[in-house]
Amino acid sequence: MKTQRKPVSPDAAWYALRRTLPPWRFKQNLRELERVLPRYRVNEVIVKVDTEEFSHGQPPVEWVQNYQPRLFEIKKTLARLGIRYSLNPWITVGHNDRGRDATRQLPGLGTVVGHDGTVCRVCACPLSEVWRGHVRTIWTLYAETKPHVIWVEDDIRTFNHRPVRFGCFCPVHLREFATRAGREVSREELVAAILKPGPPHPWRALYLEMQAEIMEETVHFLEQVVHAVSPETSLGLMSSGPRVHCLEGRRWQRMAEALAGGRPFYSRPPMGNYHEQSLRGFYYSHDAIKLTRACLPAGTIEQTEVENVPFTQYSKSAVFTFLEIALSYAYGAHGVTLNLFDHAGTPMEAEPAFGRMLGEKKDWLNALAARAQIPGRYRGIRLLHHERASFVKHLSAGADYWDLHEDGDEAMRALEGHGLPTTYEMEEPVAIATGQTVRALSDAEIERLLSHGLFLDAVAARVLLERGFGEAVGLKWAEEPVFLDQLGPFAAEEFFYRSWGGRDRTYLTLTLPDLSSRPNVSVLQPVQRAVVTSWMVDPDTKRMLPAMTAYENRWGGRVAVHALEWASSCGPAFFHSFRRHQLHGAFRWLSKGRLPVAVQGGVFPLGFRKDTESFTLLGLFNLSLDPWPEVEWILGDFSRKPVGIEWLTPEGRWQKDGASALGKKGRSVTIHWGEAVPFDRPLFLTLRWE
Ligand SMILES: [Zn+2]
């Protein structure tokens, strides 16, 4: 018999609660769901099974058999309320051992072996036949309950299976590697080859390819198990951020296809911020949404991971939680998954602040989501990402395995934090490359970047020199970046260049990224036609070394080079109004006046411009505690004729607006908002055009 399901609610701001109902408090927890979910305005419950501190490691078959009737009961209850039922086994291969030992319960279980020889007792090697047999049994029990989605956790990866950090280097993996390498290779020998300093050893690529293939084959196995029983169930993938997945060689499209099995595919990008530290944590969250989306097939359904560990207001306020949800919808997500309540059987109403917030904010979030979900392009300065970044990265001597991850996060933070929104869309007129990701690009791709506008940090500039593009970036030479203090007694960067907002004797500290450190810096030798736009000065303010250069090359492309290595520079001390003027000036020049969007009016914005077919959506989150007195969006590359603005009122209505003014000059539009924007009231405007 087909399960009866009431038509799902039309909420654009879809709430999917992730909730554990432990066996020893099942009835009470279920009754509470029945009572409060309508008030919380929840649309879907993703039931977590054998979760966190009360997990049994690899869940015993008998335990899951005993729990299965309860899943049916939850599903029936939810159906009565018109709420969707999905399932989230807490582990796939396992997140961590936490003192459990599954090898006694599952004799012959192959577990993960780390790059350093550490061995897990619970976390399974995905090639283990014993693990596969076990998973087939228990995932069949899960699938028999016919959930809308079964979520595969982010433990379906090759790092962070505590106590192991990176793996698997077990005998089965090494045997598979030997067939590819053509000879027996020990774990020590393989790891040394992967981490070899300088140009990568060919075994690194061979191993990363192998890992990617094994993980694709593993998720295909999960898909087969689920769809053999419940062909209508979709599979969902929790992930850990594409820059990190680079270090295991993940190929996103193939991974998604293997897991989806022809059904609609769900993605749960990480939002981080598992506990509240600073509003600036949202730079990571919003980037994880944009970048994960850029990696996955079009049509993927996104439900972000809003999570609060350990699930109290001590760890995260309701306001911060609200902002994280708002941010998810602002950046176009289809829903949020809410992991806000503990997995120890405590009633949700023990901390009522979260449930109240969910109910009260729903109308406003619906109004935001309905517009932000309309297909379109988030505009800005293009950031680079390449899924083969870790294949080509050069490591230094003594590098940690972690150093294989992809660079570039620092560019996103520095630009967004100074009011220059970023994007992974390819068609933008201006891009930034920091770190080594640019190594993964072909010569043709690099030429294309260099014939538009491109900003480089010292590391990226060095890579382009090596690749023979020195003339095109305006450099005769650039030294390998070294610790600044090895070059002499440097004091500050002088921003004297008037076209980029500078003045003589305008100094910003070189004690970067913060009080206790100093950055790595490259000695640049610009070609004669290049212009030095800032200098590094000594304690007597003498201009010693070029800090930033600007150059127009023979293709008509414009390039700016910063002598700093951004990965070792972009901390709290990097952010400053002088830096903001410099970067805004540089990117305006690089884009030849077509900079898609810049935001000003205060410090630490998270702003955006999204162009749809019929309107432009503008947003601003103020990520500082001081209210912004006013806001200005400057939109370049804007050919339409704007006719009016609507703003999203606190009551959740899109309303013709009185607080803003609109100016158009050529292909540039300025929108001025004249009222204060506090951190807990993000601002959204719709710009209508003819
Ligand atoms: Zn293994």
# chains A, B, ... in the order shown; residues from 1 in each chain; ligands from 1
call {"tool": "residues_around", "arguments": {"residues": "region 111-120 of chain A", "least_positions_apart": "6", "cutoff": "6 Å", "atoms": "only C-alpha atoms", "output": "list in words"}}
result
Val164, Phe166, Gly167, Cys168, Phe169 and Cys170 of chain A
call {"tool": "select_by_dssp", "arguments": {"residues": "region 113-288 of chain A", "states": "strand (DSSP E)", "output": "list in words"}}
result
Val113, Val119, Cys120, Arg121, Val122, Cys123, Ala124, Val149, Ile150, Trp151, Val152, Phe159, Asn160, His161, Val164, Arg165, Phe166, Ser234, Leu235, Gly236, Leu237, Met238, Tyr266, Ser267 and Arg268 of chain A
call {"tool": "residues_around", "arguments": {"residues": "region 13-18 of chain A", "least_positions_apart": "5", "cutoff": "10 Å", "atoms": "only C-alpha atoms", "output": "PyMOL selection string"}}
result
chain A and resi 37+40-48+83-88+303-307+325-326+328-329+333-343+358+361-370+373
call {"tool": "closest_atom_pairs", "arguments": {"of": "region 125-189 of chain A", "to": "region 197-202 of chain A", "cutoff": "12 Å", "atoms": "only C-alpha atoms", "output": "CSV"}}
result
residue,atom,partner,partner_atom,distance
A:Arg180,CA,A:Pro202,CA,11.6
A:Ala181,CA,A:Pro202,CA,9.6
A:Glu189,CA,A:His201,CA,11.5
call {"tool": "write_last_selection", "arguments": {"atoms": "N, CA and C atoms", "output": "PDB file, in the first residue's frame"}}
result
ATOM      1  N   ARG A 180      48.126  -1.001  -9.349  1.00  0.00           N
ATOM      2  CA  ARG A 180      48.194   0.188 -10.210  1.00  0.00           C
ATOM      3  C   ARG A 180      49.628   0.671 -10.402  1.00  0.00           C
ATOM      4  N   ALA A 181      50.432   0.567  -9.322  1.00  0.00           N
ATOM      5  CA  ALA A 181      51.819   1.054  -9.404  1.00  0.00           C
ATOM      6  C   ALA A 181      52.730   0.033 -10.078  1.00  0.00           C
ATOM      7  N   GLU A 189      56.417   4.147   2.367  1.00  0.00           N
ATOM      8  CA  GLU A 189      56.975   4.572   1.093  1.00  0.00           C
ATOM      9  C   GLU A 189      55.936   5.406   0.311  1.00  0.00           C
TER      10      GLU A 189
END
call {"tool": "residues_around", "arguments": {"residues": "Asp409 (chain A)", "least_positions_apart": "3", "cutoff": "10 Å", "atoms": "only C-alpha atoms", "output": "mmCIF file with N, CA and C atoms, in the first residue's frame"}}
result
data_model
loop_
_atom_site.group_PDB
_atom_site.id
_atom_site.type_symbol
_atom_site.label_atom_id
_atom_site.label_comp_id
_atom_site.auth_asym_id
_atom_site.auth_seq_id
_atom_site.Cartn_x
_atom_site.Cartn_y
_atom_site.Cartn_z
ATOM 1 N N ARG A 243 37.228 22.439 -0.896
ATOM 2 C CA ARG A 243 38.683 22.646 -0.823
ATOM 3 C C ARG A 243 39.352 21.524 -0.043
ATOM 4 N N TYR A 283 31.370 33.857 6.899
ATOM 5 C CA TYR A 283 32.090 33.882 5.615
ATOM 6 C C TYR A 283 32.291 32.448 5.128
ATOM 7 N N TYR A 284 32.734 31.588 6.043
ATOM 8 C CA TYR A 284 32.906 30.183 5.667
ATOM 9 C C TYR A 284 31.569 29.583 5.207
ATOM 10 N N ASP A 287 30.312 30.610 1.785
ATOM 11 C CA ASP A 287 31.209 30.112 0.734
ATOM 12 C C ASP A 287 31.003 28.611 0.512
ATOM 13 N N LEU A 383 36.405 33.475 -7.849
ATOM 14 C CA LEU A 383 37.399 32.714 -7.096
ATOM 15 C C LEU A 383 37.701 31.433 -7.860
ATOM 16 N N LEU A 384 38.924 30.952 -7.731
ATOM 17 C CA LEU A 384 39.281 29.717 -8.420
ATOM 18 C C LEU A 384 39.037 28.511 -7.532
ATOM 19 N N HIS A 385 38.582 27.453 -8.168
ATOM 20 C CA HIS A 385 38.549 26.138 -7.514
ATOM 21 C C HIS A 385 38.794 25.115 -8.597
ATOM 22 N N GLU A 406 43.227 22.317 -0.845
ATOM 23 C CA GLU A 406 43.287 23.407 -1.829
ATOM 24 C C GLU A 406 43.360 24.782 -1.163
ATOM 25 N N MET A 412 38.700 34.544 -0.473
ATOM 26 C CA MET A 412 37.273 34.734 -0.233
ATOM 27 C C MET A 412 37.064 35.622 0.997
ATOM 28 N N ARG A 413 37.760 35.322 2.103
ATOM 29 C CA ARG A 413 37.565 36.086 3.342
ATOM 30 C C ARG A 413 37.994 37.541 3.178
ATOM 31 N N ALA A 414 39.150 37.740 2.538
ATOM 32 C CA ALA A 414 39.680 39.097 2.422
ATOM 33 C C ALA A 414 38.766 39.964 1.552
ATOM 34 N N THR A 434 44.961 33.154 -5.453
ATOM 35 C CA THR A 434 45.943 33.133 -4.367
ATOM 36 C C THR A 434 46.344 31.686 -4.168
ATOM 37 N N GLY A 435 47.587 31.477 -3.730
ATOM 38 C CA GLY A 435 48.042 30.104 -3.515
ATOM 39 C C GLY A 435 48.256 29.389 -4.835
ATOM 40 N N TRP A 566 49.097 35.545 0.660
ATOM 41 C CA TRP A 566 47.858 35.847 1.389
ATOM 42 C C TRP A 566 47.530 34.819 2.463
ATOM 43 N N ALA A 567 47.894 33.556 2.245
ATOM 44 C CA ALA A 567 47.564 32.539 3.245
ATOM 45 C C ALA A 567 48.210 32.862 4.590
ATOM 46 N N CYS A 570 46.306 37.009 5.723
ATOM 47 C CA CYS A 570 44.899 37.420 5.873
ATOM 48 C C CYS A 570 44.311 37.040 7.222
#
call {"tool": "residues_around", "arguments": {"residues": "Gln28 (chain A)", "least_positions_apart": "3", "cutoff": "12 Å", "atoms": "only C-alpha atoms", "output": "list in words"}}
result
Leu21, Pro22, Pro23, Trp24, Arg25, Arg31, Glu32, Leu33, Glu34, Arg35, Gly345, Thr346, Pro347, Met348 and Glu349 of chain A
call {"tool": "atom_distance", "arguments": {"atom1": "CA of Thr541 (chain A)", "atom2": "CA of Phe578 (chain A)"}}
result
17.0 Å
call {"tool": "select_by_dssp", "arguments": {"residues": "region 271-507 of chain A", "states": "alpha helix (DSSP H)", "output": "ChimeraX atom specification"}}
result
/A:281-295,318-330,352-372,389-392,409-417,443-450,458-466,470-473
call {"tool": "write_last_selection", "arguments": {"atoms": "C-alpha atoms", "output": "PDB file, in the first residue's frame"}}
result
ATOM      1  CA  GLY A 281      32.121  32.555  10.889  1.00  0.00           C
ATOM      2  CA  PHE A 282      29.455  33.141   8.256  1.00  0.00           C
ATOM      3  CA  TYR A 283      32.090  33.882   5.615  1.00  0.00           C
ATOM      4  CA  TYR A 284      32.906  30.183   5.667  1.00  0.00           C
ATOM      5  CA  SER A 285      29.220  29.157   5.691  1.00  0.00           C
ATOM      6  CA  HIS A 286      28.138  31.177   2.704  1.00  0.00           C
ATOM      7  CA  ASP A 287      31.209  30.112   0.734  1.00  0.00           C
ATOM      8  CA  ALA A 288      30.525  26.441   1.464  1.00  0.00           C
ATOM      9  CA  ILE A 289      27.059  26.864  -0.081  1.00  0.00           C
ATOM     10  CA  LYS A 290      28.357  28.586  -3.229  1.00  0.00           C
ATOM     11  CA  LEU A 291      31.362  26.322  -3.753  1.00  0.00           C
ATOM     12  CA  THR A 292      29.589  23.019  -3.074  1.00  0.00           C
ATOM     13  CA  ARG A 293      26.874  24.104  -5.500  1.00  0.00           C
ATOM     14  CA  ALA A 294      29.479  24.920  -8.149  1.00  0.00           C
ATOM     15  CA  CYS A 295      30.811  21.339  -7.893  1.00  0.00           C
ATOM     16  CA  ALA A 318      18.798  31.669  18.788  1.00  0.00           C
ATOM     17  CA  VAL A 319      19.752  34.907  16.993  1.00  0.00           C
ATOM     18  CA  PHE A 320      22.921  33.382  15.563  1.00  0.00           C
ATOM     19  CA  THR A 321      20.907  30.325  14.539  1.00  0.00           C
ATOM     20  CA  PHE A 322      18.347  32.541  12.820  1.00  0.00           C
ATOM     21  CA  LEU A 323      21.095  34.367  10.900  1.00  0.00           C
ATOM     22  CA  GLU A 324      22.561  31.056   9.753  1.00  0.00           C
ATOM     23  CA  ILE A 325      19.149  30.006   8.449  1.00  0.00           C
ATOM     24  CA  ALA A 326      18.596  33.397   6.784  1.00  0.00           C
ATOM     25  CA  LEU A 327      21.995  33.126   5.145  1.00  0.00           C
ATOM     26  CA  SER A 328      21.117  29.699   3.756  1.00  0.00           C
ATOM     27  CA  TYR A 329      18.029  31.060   2.024  1.00  0.00           C
ATOM     28  CA  ALA A 330      19.702  34.312   0.948  1.00  0.00           C
ATOM     29  CA  PRO A 352      12.208  26.844  23.979  1.00  0.00           C
ATOM     30  CA  ALA A 353      14.126  29.729  22.359  1.00  0.00           C
ATOM     31  CA  PHE A 354      14.911  27.739  19.206  1.00  0.00           C
ATOM     32  CA  GLY A 355      11.401  26.501  18.546  1.00  0.00           C
ATOM     33  CA  ARG A 356       9.942  29.977  19.129  1.00  0.00           C
ATOM     34  CA  MET A 357      12.429  31.534  16.749  1.00  0.00           C
ATOM     35  CA  LEU A 358      11.635  28.959  14.040  1.00  0.00           C
ATOM     36  CA  GLY A 359       7.913  29.645  14.269  1.00  0.00           C
ATOM     37  CA  GLU A 360       8.219  33.416  14.453  1.00  0.00           C
ATOM     38  CA  LYS A 361      10.696  33.831  11.603  1.00  0.00           C
ATOM     39  CA  LYS A 362       9.030  31.510   9.132  1.00  0.00           C
ATOM     40  CA  ASP A 363       6.975  34.105   7.228  1.00  0.00           C
ATOM     41  CA  TRP A 364       9.939  36.403   6.795  1.00  0.00           C
ATOM     42  CA  LEU A 365      12.159  33.509   5.703  1.00  0.00           C
ATOM     43  CA  ASN A 366       9.488  32.298   3.275  1.00  0.00           C
ATOM     44  CA  ALA A 367       9.417  35.722   1.619  1.00  0.00           C
ATOM     45  CA  LEU A 368      13.201  35.786   1.352  1.00  0.00           C
ATOM     46  CA  ALA A 369      13.533  32.197   0.141  1.00  0.00           C
ATOM     47  CA  ALA A 370      10.824  32.529  -2.503  1.00  0.00           C
ATOM     48  CA  ARG A 371      12.852  35.243  -4.247  1.00  0.00           C
ATOM     49  CA  ALA A 372      16.358  33.972  -3.591  1.00  0.00           C
ATOM     50  CA  ALA A 389      44.268  21.162  -7.014  1.00  0.00           C
ATOM     51  CA  SER A 390      45.835  18.610  -4.666  1.00  0.00           C
ATOM     52  CA  PHE A 391      47.215  16.584  -7.560  1.00  0.00           C
ATOM     53  CA  VAL A 392      49.501  19.440  -8.591  1.00  0.00           C
ATOM     54  CA  ASP A 409      39.844  30.378   1.333  1.00  0.00           C
ATOM     55  CA  GLU A 410      41.913  33.450   2.306  1.00  0.00           C
ATOM     56  CA  ALA A 411      40.972  35.293  -0.891  1.00  0.00           C
ATOM     57  CA  MET A 412      37.273  34.734  -0.233  1.00  0.00           C
ATOM     58  CA  ARG A 413      37.565  36.086   3.342  1.00  0.00           C
ATOM     59  CA  ALA A 414      39.680  39.097   2.422  1.00  0.00           C
ATOM     60  CA  LEU A 415      37.413  40.208  -0.431  1.00  0.00           C
ATOM     61  CA  GLU A 416      34.045  39.523   1.182  1.00  0.00           C
ATOM     62  CA  GLY A 417      35.222  41.148   4.431  1.00  0.00           C
ATOM     63  CA  ASP A 443      47.737  27.381 -20.388  1.00  0.00           C
ATOM     64  CA  ALA A 444      44.618  28.335 -22.351  1.00  0.00           C
ATOM     65  CA  GLU A 445      42.641  28.860 -19.140  1.00  0.00           C
ATOM     66  CA  ILE A 446      45.444  30.998 -17.706  1.00  0.00           C
ATOM     67  CA  GLU A 447      45.637  33.073 -20.893  1.00  0.00           C
ATOM     68  CA  ARG A 448      41.921  33.679 -20.693  1.00  0.00           C
ATOM     69  CA  LEU A 449      42.233  34.961 -17.110  1.00  0.00           C
ATOM     70  CA  LEU A 450      45.190  37.138 -18.102  1.00  0.00           C
ATOM     71  CA  ALA A 458      52.911  36.219  -4.297  1.00  0.00           C
ATOM     72  CA  VAL A 459      52.428  32.456  -4.515  1.00  0.00           C
ATOM     73  CA  ALA A 460      50.113  32.555  -7.515  1.00  0.00           C
ATOM     74  CA  ALA A 461      52.406  35.077  -9.252  1.00  0.00           C
ATOM     75  CA  ARG A 462      55.356  32.708  -8.776  1.00  0.00           C
ATOM     76  CA  VAL A 463      53.402  29.854 -10.352  1.00  0.00           C
ATOM     77  CA  LEU A 464      52.615  31.988 -13.396  1.00  0.00           C
ATOM     78  CA  LEU A 465      56.275  32.983 -13.712  1.00  0.00           C
ATOM     79  CA  GLU A 466      57.245  29.289 -13.652  1.00  0.00           C
ATOM     80  CA  GLY A 470      56.087  36.537 -16.426  1.00  0.00           C
ATOM     81  CA  GLU A 471      55.716  39.154 -19.140  1.00  0.00           C
ATOM     82  CA  ALA A 472      51.925  38.868 -19.067  1.00  0.00           C
ATOM     83  CA  VAL A 473      51.769  39.592 -15.327  1.00  0.00           C
TER      84      VAL A 473
END
call {"tool": "atom_distance", "arguments": {"atom1": "CA of Ser568 (chain A)", "atom2": "CA of Phe483 (chain A)"}}
result
9.4 Å
